[in-house]
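Student: File input_34.txt follows (compact mmCIF, C-alpha atoms):
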# COMPACT_ATOMS: atom_id res chain seq x y z
CA MET A 31 0.00 0.00 0.00
CA SER A 32 1.44 3.40 -0.96
CA ALA A 33 1.71 6.40 1.35
CA THR A 34 -0.84 8.36 -0.68
CA GLU A 35 -3.38 5.57 -0.26
CA LEU A 36 -2.80 5.54 3.48
CA THR A 37 -3.48 9.22 3.91
CA ALA A 38 -6.37 9.44 1.44
CA THR A 39 -9.70 10.22 3.09
CA PRO A 40 -12.43 7.75 2.13
CA SER A 41 -15.28 9.19 0.09
CA VAL A 42 -18.73 9.71 1.64
CA ASP A 43 -20.05 6.72 -0.27
CA GLU A 44 -17.21 4.55 1.02
CA GLN A 45 -17.82 5.73 4.58
CA LEU A 46 -21.55 5.03 4.32
CA LYS A 47 -20.83 1.60 2.90
CA ASP A 48 -18.38 0.99 5.73
CA LEU A 49 -21.03 1.89 8.32
CA THR A 50 -23.71 -0.29 6.77
CA VAL A 51 -21.41 -3.28 6.56
CA LYS A 52 -20.44 -3.26 10.22
CA HIS A 53 -22.62 -4.75 12.94
CA PRO A 54 -22.45 -2.76 16.17
CA LEU A 55 -22.32 -4.52 19.52
CA HIS A 56 -24.51 -3.57 22.47
CA ASN A 57 -21.36 -2.58 24.36
CA ASN A 58 -17.93 -1.44 23.28
CA TRP A 59 -15.31 -3.94 24.38
CA ALA A 60 -11.57 -4.11 25.00
CA PHE A 61 -9.36 -7.14 24.51
CA TRP A 62 -6.61 -7.50 27.12
CA TYR A 63 -3.75 -9.94 27.38
CA SER A 64 -1.45 -10.74 30.27
CA MET A 65 2.00 -12.00 29.39
CA PRO A 66 3.40 -15.08 31.14
CA GLN A 67 5.49 -14.06 34.13
CA ILE A 68 9.24 -14.56 33.73
CA LYS A 69 10.64 -12.88 36.82
CA SER A 70 9.01 -12.74 40.22
CA SER A 71 9.68 -9.01 40.28
CA GLU A 72 7.19 -8.51 37.43
CA SER A 73 3.90 -7.33 38.86
CA TRP A 74 0.43 -8.11 37.53
CA GLU A 75 0.11 -4.60 36.17
CA ASP A 76 3.46 -4.86 34.34
CA LEU A 77 2.24 -7.95 32.52
CA LEU A 78 -1.25 -6.72 31.66
CA ILE A 79 -1.65 -5.16 28.21
CA LYS A 80 -4.69 -3.57 26.65
CA VAL A 81 -4.34 -4.88 23.11
CA SER A 82 -7.28 -3.29 21.31
CA GLU A 83 -10.78 -1.95 21.58
CA PHE A 84 -13.63 -3.06 19.35
CA LYS A 85 -17.28 -2.21 18.88
CA THR A 86 -18.49 -4.34 16.00
CA ILE A 87 -18.80 -8.04 15.19
CA GLU A 88 -16.39 -7.53 12.30
CA GLU A 89 -13.71 -6.09 14.59
CA PHE A 90 -14.28 -8.91 17.06
CA TRP A 91 -13.53 -11.34 14.23
CA GLY A 92 -10.52 -9.24 13.24
CA ILE A 93 -9.03 -9.82 16.69
CA GLN A 94 -10.21 -13.39 17.01
CA SER A 95 -8.65 -14.46 13.72
CA SER A 96 -5.35 -12.69 14.49
CA ILE A 97 -4.53 -14.06 17.92
CA PRO A 98 -3.29 -17.57 18.76
CA ALA A 99 -6.03 -20.06 19.65
CA VAL A 100 -6.88 -20.58 23.28
CA ASP A 101 -5.19 -24.02 23.22
CA SER A 102 -1.77 -22.35 22.88
CA LEU A 103 -2.45 -19.79 25.59
CA LYS A 104 -0.03 -19.88 28.55
CA SER A 105 -1.44 -16.90 30.40
CA ASP A 106 -4.76 -15.02 30.11
CA TYR A 107 -7.10 -13.55 27.50
CA PHE A 108 -9.55 -10.94 28.79
CA PHE A 109 -12.61 -9.29 27.29
CA PHE A 110 -13.90 -6.39 29.36
CA LYS A 111 -16.43 -3.73 28.59
CA GLU A 112 -14.86 -0.42 27.59
CA GLY A 113 -13.76 1.64 30.56
CA ILE A 114 -13.46 -1.32 32.97
CA LYS A 115 -10.05 -2.72 33.83
CA PRO A 116 -9.71 -6.45 34.47
CA GLN A 117 -8.78 -5.78 38.08
CA TRP A 118 -11.00 -6.16 41.12
CA GLU A 119 -9.73 -2.78 42.36
CA ASP A 120 -11.54 -1.09 39.48
CA GLU A 121 -14.45 0.89 40.87
CA GLN A 122 -16.93 -0.94 38.66
CA ASN A 123 -15.66 -4.37 39.74
CA SER A 124 -15.13 -3.78 43.44
CA LYS A 125 -18.75 -4.37 44.47
CA GLY A 126 -19.19 -7.39 42.23
CA GLY A 127 -17.84 -10.88 42.02
CA LYS A 128 -16.93 -13.65 39.64
CA TRP A 129 -18.25 -16.94 38.43
CA VAL A 130 -15.35 -19.38 38.28
CA ILE A 131 -15.35 -22.55 36.19
CA ASN A 132 -12.42 -24.97 36.00
CA ILE A 133 -12.36 -27.06 32.85
CA SER A 134 -9.86 -29.46 31.40
CA ASP A 135 -9.75 -31.37 28.12
CA ASN A 136 -8.13 -34.29 29.93
CA GLU A 137 -11.18 -34.74 32.11
CA LEU A 138 -13.95 -33.60 29.76
CA GLY A 139 -12.69 -34.64 26.34
CA GLN A 140 -10.58 -33.12 23.60
CA GLY A 141 -11.84 -29.74 22.37
CA THR A 142 -14.15 -29.01 25.31
CA VAL A 143 -12.18 -25.95 26.45
CA ALA A 144 -12.15 -24.37 22.97
CA LYS A 145 -15.87 -25.05 22.52
CA PHE A 146 -16.80 -23.63 25.91
CA TRP A 147 -14.62 -20.55 25.40
CA GLY A 148 -16.18 -20.05 21.96
CA ARG A 149 -19.68 -20.31 23.40
CA LEU A 150 -18.76 -17.88 26.17
CA MET A 151 -17.39 -15.27 23.76
CA PHE A 152 -20.28 -15.54 21.33
CA SER A 153 -22.99 -15.41 23.97
CA ILE A 154 -21.56 -12.49 25.96
CA ILE A 155 -20.24 -10.36 23.11
CA GLY A 156 -23.26 -11.22 20.94
CA GLY A 157 -25.48 -10.11 23.83
CA SER A 158 -27.59 -13.24 24.31
CA LEU A 159 -26.32 -13.97 27.83
CA GLU A 160 -27.43 -10.58 29.11
CA TYR A 161 -30.59 -10.19 27.08
CA ASN A 162 -33.83 -10.65 28.97
CA GLU A 163 -36.51 -11.85 26.56
CA GLU A 164 -39.34 -11.07 28.98
CA SER A 165 -38.40 -7.43 29.42
CA SER A 166 -36.74 -7.16 25.96
CA GLU A 167 -33.82 -5.39 27.60
CA PHE A 168 -30.16 -6.03 28.25
CA GLU A 169 -29.53 -6.53 31.95
CA ASP A 170 -25.93 -5.32 31.88
CA GLN A 171 -24.84 -7.48 34.78
CA ILE A 172 -21.56 -8.62 33.24
CA ASN A 173 -18.43 -6.47 33.34
CA GLY A 174 -16.13 -8.86 31.56
CA PHE A 175 -14.87 -12.41 31.23
CA TYR A 176 -11.59 -14.17 30.77
CA ILE A 177 -9.76 -17.44 30.47
CA SER A 178 -6.50 -18.42 32.15
CA TYR A 179 -4.10 -21.26 31.48
CA LYS A 180 -3.49 -23.43 34.56
CA LYS A 181 -1.56 -26.62 35.25
CA PHE A 182 -4.76 -28.66 35.42
CA GLY A 183 -6.31 -27.09 32.30
CA TYR A 184 -8.12 -23.74 32.07
CA LYS A 185 -10.00 -21.47 34.41
CA ALA A 186 -12.80 -19.37 32.95
CA GLN A 187 -14.23 -16.42 34.87
CA VAL A 188 -17.21 -14.17 34.30
CA TRP A 189 -17.14 -10.97 36.34
CA THR A 190 -20.41 -9.47 37.47
CA LYS A 191 -21.22 -5.90 38.39
CA SER A 192 -22.89 -6.77 41.70
CA CYS A 193 -23.32 -9.57 44.23
CA ASP A 194 -27.12 -9.39 44.08
CA LYS A 195 -28.10 -13.05 44.46
CA GLU A 196 -30.99 -13.08 42.00
CA ALA A 197 -29.03 -11.35 39.25
CA VAL A 198 -25.91 -13.39 39.85
CA MET A 199 -27.75 -16.72 39.91
CA LYS A 200 -29.42 -15.90 36.60
CA VAL A 201 -26.00 -15.43 35.01
CA GLY A 202 -24.74 -18.66 36.63
CA GLU A 203 -27.65 -20.72 35.36
CA LYS A 204 -27.15 -19.40 31.83
CA LEU A 205 -23.45 -20.24 32.00
CA LYS A 206 -24.28 -23.74 33.10
CA SER A 207 -26.59 -24.25 30.14
CA LEU A 208 -23.88 -22.85 27.84
CA LEU A 209 -21.44 -25.55 28.83
CA GLN A 210 -23.96 -28.36 28.70
CA ASN A 211 -26.23 -27.90 25.74
CA SER A 212 -26.08 -24.47 24.20
CA GLU A 213 -26.65 -23.87 20.52
CA PHE A 214 -23.66 -21.57 20.58
CA GLY A 215 -20.16 -22.49 19.62
CA ILE A 216 -17.24 -21.72 17.41
CA GLU A 217 -15.62 -23.33 14.39
CA GLU A 218 -14.82 -26.49 16.36
CA GLU A 219 -18.53 -27.24 16.17
CA ILE A 220 -18.92 -26.89 12.41
CA ASN A 221 -18.62 -29.95 10.23
CA GLY A 222 -16.88 -30.24 6.86
CA LYS A 223 -19.98 -29.05 5.04
CA GLY A 224 -20.05 -25.82 7.03
CA GLU A 225 -23.07 -26.93 9.06
CA LEU A 226 -23.36 -26.17 12.73
CA LYS A 227 -23.14 -29.28 14.84
CA PRO A 228 -23.32 -28.12 18.44
CA THR A 229 -22.09 -30.59 20.99
CA LYS A 230 -24.21 -31.50 23.98
CA PHE A 231 -22.17 -32.23 27.04
CA THR A 232 -24.18 -34.58 29.18
CA GLY A 233 -21.56 -37.15 30.17
CA GLU A 234 -20.83 -38.18 33.73
CA ALA A 235 -17.60 -36.15 33.80
CA PHE A 236 -19.63 -32.96 33.53
CA ASN A 237 -21.28 -33.65 36.87
CA ASN A 238 -18.01 -32.71 38.54
CA VAL A 239 -17.83 -29.30 36.86
CA LYS A 240 -18.63 -26.71 39.49
CA PHE A 241 -19.68 -23.13 38.89
CA SER A 242 -18.62 -21.15 41.94
CA PHE A 243 -19.44 -17.54 42.61
CA VAL A 244 -16.90 -15.58 44.65
CA PRO A 245 -17.32 -11.91 45.62
CA HIS A 246 -14.25 -9.73 45.02
CA ASP A 247 -14.66 -8.45 48.56
CA LYS A 248 -13.50 -11.44 50.62
CA THR A 249 -15.36 -10.28 53.71
CA ILE A 250 -18.72 -11.12 52.12
CA GLU A 251 -18.53 -14.87 52.70
CA GLU A 252 -22.27 -15.46 52.69
CA LYS A 253 -22.35 -14.47 49.01
CA ASN A 254 -20.57 -17.62 47.91
CA PHE A 255 -22.80 -19.77 45.74
CA ILE A 256 -21.98 -22.99 43.98
CA ILE A 257 -23.96 -24.38 41.09
CA ALA A 258 -23.11 -27.96 40.29
CA LEU A 259 -23.81 -29.32 36.85
CA ALA A 260 -26.27 -32.18 37.20
CA MET B 77 -25.90 5.76 20.23
CA SER B 78 -29.50 4.90 19.45
CA GLN B 79 -30.97 1.88 21.24
CA THR B 80 -30.91 -0.59 18.34
CA LEU B 81 -31.11 -4.19 19.36
CA ALA B 82 -27.55 -5.43 19.04
CA LEU B 83 -28.35 -9.07 19.73
CA TYR B 84 -26.64 -11.68 17.61
CA SER B 85 -27.23 -15.40 17.40
CA TYR B 86 -24.40 -17.84 16.95
CA GLU B 87 -25.11 -18.24 13.25
CA GLU B 88 -25.27 -14.50 12.63
CA ILE B 89 -21.89 -14.05 14.30
CA LEU B 90 -20.42 -16.94 12.38
CA ASN B 91 -21.70 -15.66 9.04
CA LEU B 92 -19.80 -12.41 9.58
CA LYS B 93 -16.48 -14.11 10.05
CA SER B 94 -15.37 -13.47 6.50
CA ASN B 95 -15.97 -9.73 7.01
CA ALA B 96 -13.28 -9.57 9.70
CA VAL B 97 -11.68 -6.15 10.09
CA ILE B 98 -8.58 -5.52 12.15
CA PRO B 99 -9.41 -2.76 14.66
CA VAL B 100 -7.46 0.47 14.28
CA GLY B 101 -4.27 0.40 16.33
CA PHE B 102 -4.06 -3.38 16.68
CA ASP B 103 -0.67 -4.59 15.43
CA GLN B 104 -1.38 -8.28 15.00
CA GLU B 105 2.11 -9.20 13.76
CA GLN B 106 3.79 -7.60 16.74
CA PHE B 107 1.27 -9.20 19.10
CA ASN B 108 1.94 -12.69 17.72
CA LEU B 109 5.68 -12.14 17.82
CA ASP B 110 5.57 -11.00 21.45
CA PHE B 111 3.15 -13.80 22.36
CA HIS B 112 5.44 -16.62 21.17
CA GLU B 113 8.68 -14.92 22.26
CA ARG B 114 7.37 -14.49 25.78
CA ILE B 115 6.31 -18.15 26.01
CA GLU B 116 9.78 -19.28 24.92
CA LEU B 117 11.42 -16.99 27.47
CA ALA B 118 9.14 -18.28 30.20
CA LYS B 119 10.07 -21.88 29.32
CA LYS B 120 13.81 -21.08 29.43
CA TYR B 121 13.47 -19.29 32.74
CA ARG B 122 11.51 -22.18 34.29
CA ARG B 123 14.24 -24.65 33.29
CA ARG B 124 16.84 -22.62 35.16
CA SER B 125 14.69 -21.73 38.08
CA SER B 126 15.27 -23.35 41.44
CA HIS B 127 12.93 -21.21 43.51
CA HIS B 128 10.82 -24.28 44.31
CA PHE B 129 13.65 -25.98 46.23
CA ASN B 130 13.16 -26.23 49.98
CA SER B 131 9.45 -25.62 49.60
CA ARG B 132 6.74 -27.95 50.72
CA PRO B 133 3.77 -28.73 48.50
CA LYS B 134 0.52 -27.15 49.61
CA VAL B 135 -1.88 -29.74 50.91
CA TYR B 136 -5.54 -28.87 50.90
CA ARG B 137 -7.20 -29.78 54.17
CA PRO B 138 -10.85 -28.92 54.39
CA LYS B 139 -12.10 -27.38 57.61
CA PRO B 140 -13.88 -29.95 59.79
CA LYS B 141 -17.62 -29.53 60.14
CA VAL B 142 -18.75 -28.97 63.70
CA SER B 143 -22.27 -29.77 64.83
CA THR B 144 -23.64 -28.58 68.18
CA ASP B 145 -26.37 -30.59 69.96
CA GLU B 146 -29.13 -29.39 72.29
CA ASN B 147 -26.90 -29.58 75.36
CA GLY B 148 -24.33 -27.37 73.75
CA TRP B 149 -21.82 -30.16 72.96
CA SER B 150 -19.93 -29.59 69.73
CA THR B 151 -18.87 -32.61 67.73
CA VAL B 152 -16.60 -32.76 64.69
CA VAL B 153 -18.60 -34.44 61.96
CA LEU B 154 -16.57 -36.74 59.77
CA GLU B 155 -17.79 -37.55 56.32
CA ALA B 156 -17.46 -41.08 54.98
CA ASP B 157 -14.26 -40.30 53.07
CA ASP B 158 -12.74 -38.46 56.02
CA GLN B 159 -13.57 -41.38 58.34
CA ALA B 160 -11.93 -43.83 55.95
CA ILE B 161 -8.88 -41.61 55.68
CA GLU B 162 -8.70 -41.27 59.46
CA ASP B 163 -9.00 -45.03 59.98
CA ASN B 164 -6.26 -45.62 57.47
CA GLU B 165 -4.12 -43.00 59.15
CA GLU B 166 -4.63 -44.64 62.55
CA GLU B 167 -3.75 -48.07 61.17
CA ALA B 168 -0.74 -46.67 59.40
CA ALA B 169 0.37 -44.87 62.58
CA GLU B 170 0.00 -48.10 64.57
CA GLU B 171 2.05 -50.00 62.01
CA VAL B 172 4.73 -47.36 62.06
CA PHE B 173 4.83 -47.51 65.87
CA GLN B 174 5.18 -51.29 65.86
CA GLU B 175 7.85 -51.17 63.21
CA SER B 176 9.78 -48.51 65.07
CA SER B 177 9.62 -50.43 68.37
CA LYS B 178 10.92 -53.54 66.58
CA THR B 179 13.82 -51.66 65.12
CA LYS B 180 14.56 -50.12 68.50
CA LYS B 181 14.79 -53.60 70.07
CA ALA B 182 16.98 -54.91 67.30
CA LYS B 183 19.26 -51.96 67.60
CA GLY B 184 19.34 -52.35 71.39
CA THR B 185 20.91 -55.81 71.27
CA VAL B 186 24.08 -54.55 69.65
CA ILE B 187 25.74 -51.82 71.61
CA LYS B 188 28.60 -50.19 69.92
CA ALA B 189 30.80 -48.45 72.40
CA ARG B 190 33.65 -46.38 71.25
CA PRO B 191 36.21 -45.24 73.85
CA ASN B 192 37.36 -41.73 73.77
CA ASN B 193 41.07 -42.11 73.27
CA LYS B 194 42.05 -38.74 74.60
CA ASN B 195 40.95 -39.78 78.14
CA LEU B 196 42.93 -43.00 78.13
CA GLY B 197 46.43 -41.50 78.30
CA SER B 198 48.06 -40.19 81.49
CA SER B 199 49.76 -36.88 81.84
CA LYS B 200 52.14 -38.28 84.53
CA ALA B 201 55.50 -39.60 83.47
CA ALA B 202 55.76 -43.42 83.66
CA ASP B 203 57.80 -44.89 86.58
CA ALA B 204 60.86 -46.74 85.23
CA LYS B 205 60.43 -49.54 87.83
CA ASP B 206 57.01 -50.39 86.52
CA ILE B 207 58.20 -51.00 83.02
CA GLN B 208 61.48 -52.73 83.93
CA GLU B 209 61.60 -56.43 83.01
CA VAL B 210 62.43 -58.36 86.19
CA ASN B 211 62.54 -62.18 86.50
CA LYS B 212 60.10 -62.95 89.19
CA LYS B 213 60.26 -66.22 91.09
CA SER B 214 57.00 -68.01 91.02
CA PHE B 215 56.03 -70.91 93.28
CA ASN B 216 55.13 -74.09 91.39
CA ALA B 217 53.15 -76.40 93.66
CA PHE B 218 53.50 -79.49 91.43
CA ALA B 219 57.21 -79.08 91.08
CA ALA B 220 57.57 -78.77 94.85
CA LEU B 221 55.66 -81.96 95.56
CA ILE B 222 57.72 -84.01 93.11
CA SER B 223 61.03 -82.81 94.53
CA ASP B 224 60.02 -83.62 98.15
CA GLU B 225 59.09 -87.22 97.34
CA ASP B 226 62.42 -87.88 95.58
CA GLU B 227 64.40 -86.77 98.57
Please express the file's structure as structure tokens.
Tutor:
Amino acid sequence: MSATELTATPSVDEQLKDLTVKHPLHNNWAFWYSMPQIKSSESWEDLLIKVSEFKTIEEFWGIQSSIPAVDSLKSDYFFFKEGIKPQWEDEQNSKGGKWVINISDNELGQGTVAKFWGRLMFSIIGGSLEYNEESSEFEDQINGFYISYKKFGYKAQVWTKSCDKEAVMKVGEKLKSLLQNSEFGIEEEINGKGELKPTKFTGEAFNNVKFSFVPHDKTIEEKNFIIALA
Amino acid sequence: MSQTLALYSYEEILNLKSNAVIPVGFDQEQFNLDFHERIELAKKYRRRSSHHFNSRPKVYRPKPKVSTDENGWSTVVLEADDQAIEDNEEEAAEEVFQESSKTKKAKGTVIKARPNNKNLGSSKAADAKDIQEVNKKSFNAFAALISDEDE
């Protein structure tokens, strides 16, 4: 691409076309990445990088198709709503908590982590996890979500805005259904003909998967809930 | 922003994959380079690291459940698994005790005593008379009897 092309302002028609092509998301998002720690002197903040912001489905795909797959991750991928840092100290996180799910391909079968992570991304960024069909409104209970590489497998977390039991349990129940039998997924669930073949996880191993809610404020012990897949 | 319904099903999201656009400011090449470089560095560092030496593994021990009855007595409630573990631990402890008492007995039969040589010597000079070789006359009872009879 030449320098003149880079600096050229797109025509009005091109700009209009650009706007019509893109599909806006309900929220603007930021993709964060934390680098694997090398020295103990490196703090969490030193390792945390805000990679890019995005506000359309097309930009989400731009990021998704440019970064290494979750299977090769050795640290963390974060998606947080614009203006919220993936730190519990952030004002918008401090009164909330997190749903924590530990999953491992060794225990649940090859590809389970990638499928679950795909379902999580699609349902939160696509808005379906927060959309209330009865009220026809988005509930905006989720601040962000992320996945971390661990020795046993992967830990997925969904951070909520509050610790309100009713709101939090609704998110937890939806997450549970996502792992077990959601229609959502990612390319791992598409067959050779390009057809969607969602996997239903109903095996015995899934009974051991626990969804635990933990408030960021450790003093609120009574707000710990556990939903077991059954 | 107007309140348009930005709700997308799985299939709608998937159908837009081919329209992927790299967000402004996202340097994907640099990101991938840093991503892999950092993993390699972390691997190298872990191979050289010895920070885990002299450290004990963390053992998860759940807090015991305590139930309190009407009279105010608190009892530690053991679950089936805990009970089994405790029984095994008791048996194992008993076996260890028996084994150790056996080994103590076996060791007790052989006493190895080692003198401390530095206390065996004397600081006084030896008396020459004590070490002088002198022919001492000794009385031989048998010899005496034989000689008396002959005479």
Student: For region 161-165 of chain A, list every protein, DNA or RNA residue within 12 Å, evaluated using all atoms listed in the file, and leave out those in the same chain fewer than 6 positions away; present the list as a VMD selection string.
Tutor: (chain A and resid 56 153 to 155 171 to 172 197 200 to 201 204) or (chain B and resid 81 to 85)
Student: Just give me the gap between CA of Glu83 (chain A) and CA of Lys128 (chain A) in Å, one decimal is fine.
Tutor: 22.4 Å
Student: Write out as a count of residues only every residue belonging to chain A that has an atom at most 6 Å from any atom of chain B, counting only C-alpha atoms.
Tutor: 12
Student: To one decimal place in Å, what is the distance between CA of Ser71 (chain A) and CA of Lys115 (chain A)?
Tutor: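 Pair CA of Ser71 (chain A) / CA of Lys115 (chain A) returns 21.7 Å.
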Student: Tell me, as a PyMOL selection string, which residues lie within 10 Å of Leu138 (chain A), counting all atoms listed in the file; anything in the same chain fewer than 4 positions away does not count.
Tutor: chain A and resi 133-134+142-143+231+233-236+238-239
Student: Could you work out how far CA of Met65 (chain A) lies from CA of Gln117 (chain A), giving the answer in Å with one decimal?
Tutor: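 Rounded to one decimal, the two atoms are 15.2 Å apart.
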Student: Pick from A:Ser242, A:Ser158, A:Ser105, A:Ser73: nearest to Gly183 (chain A), with all atoms listed in the file counted?
Tutor: A:Ser105
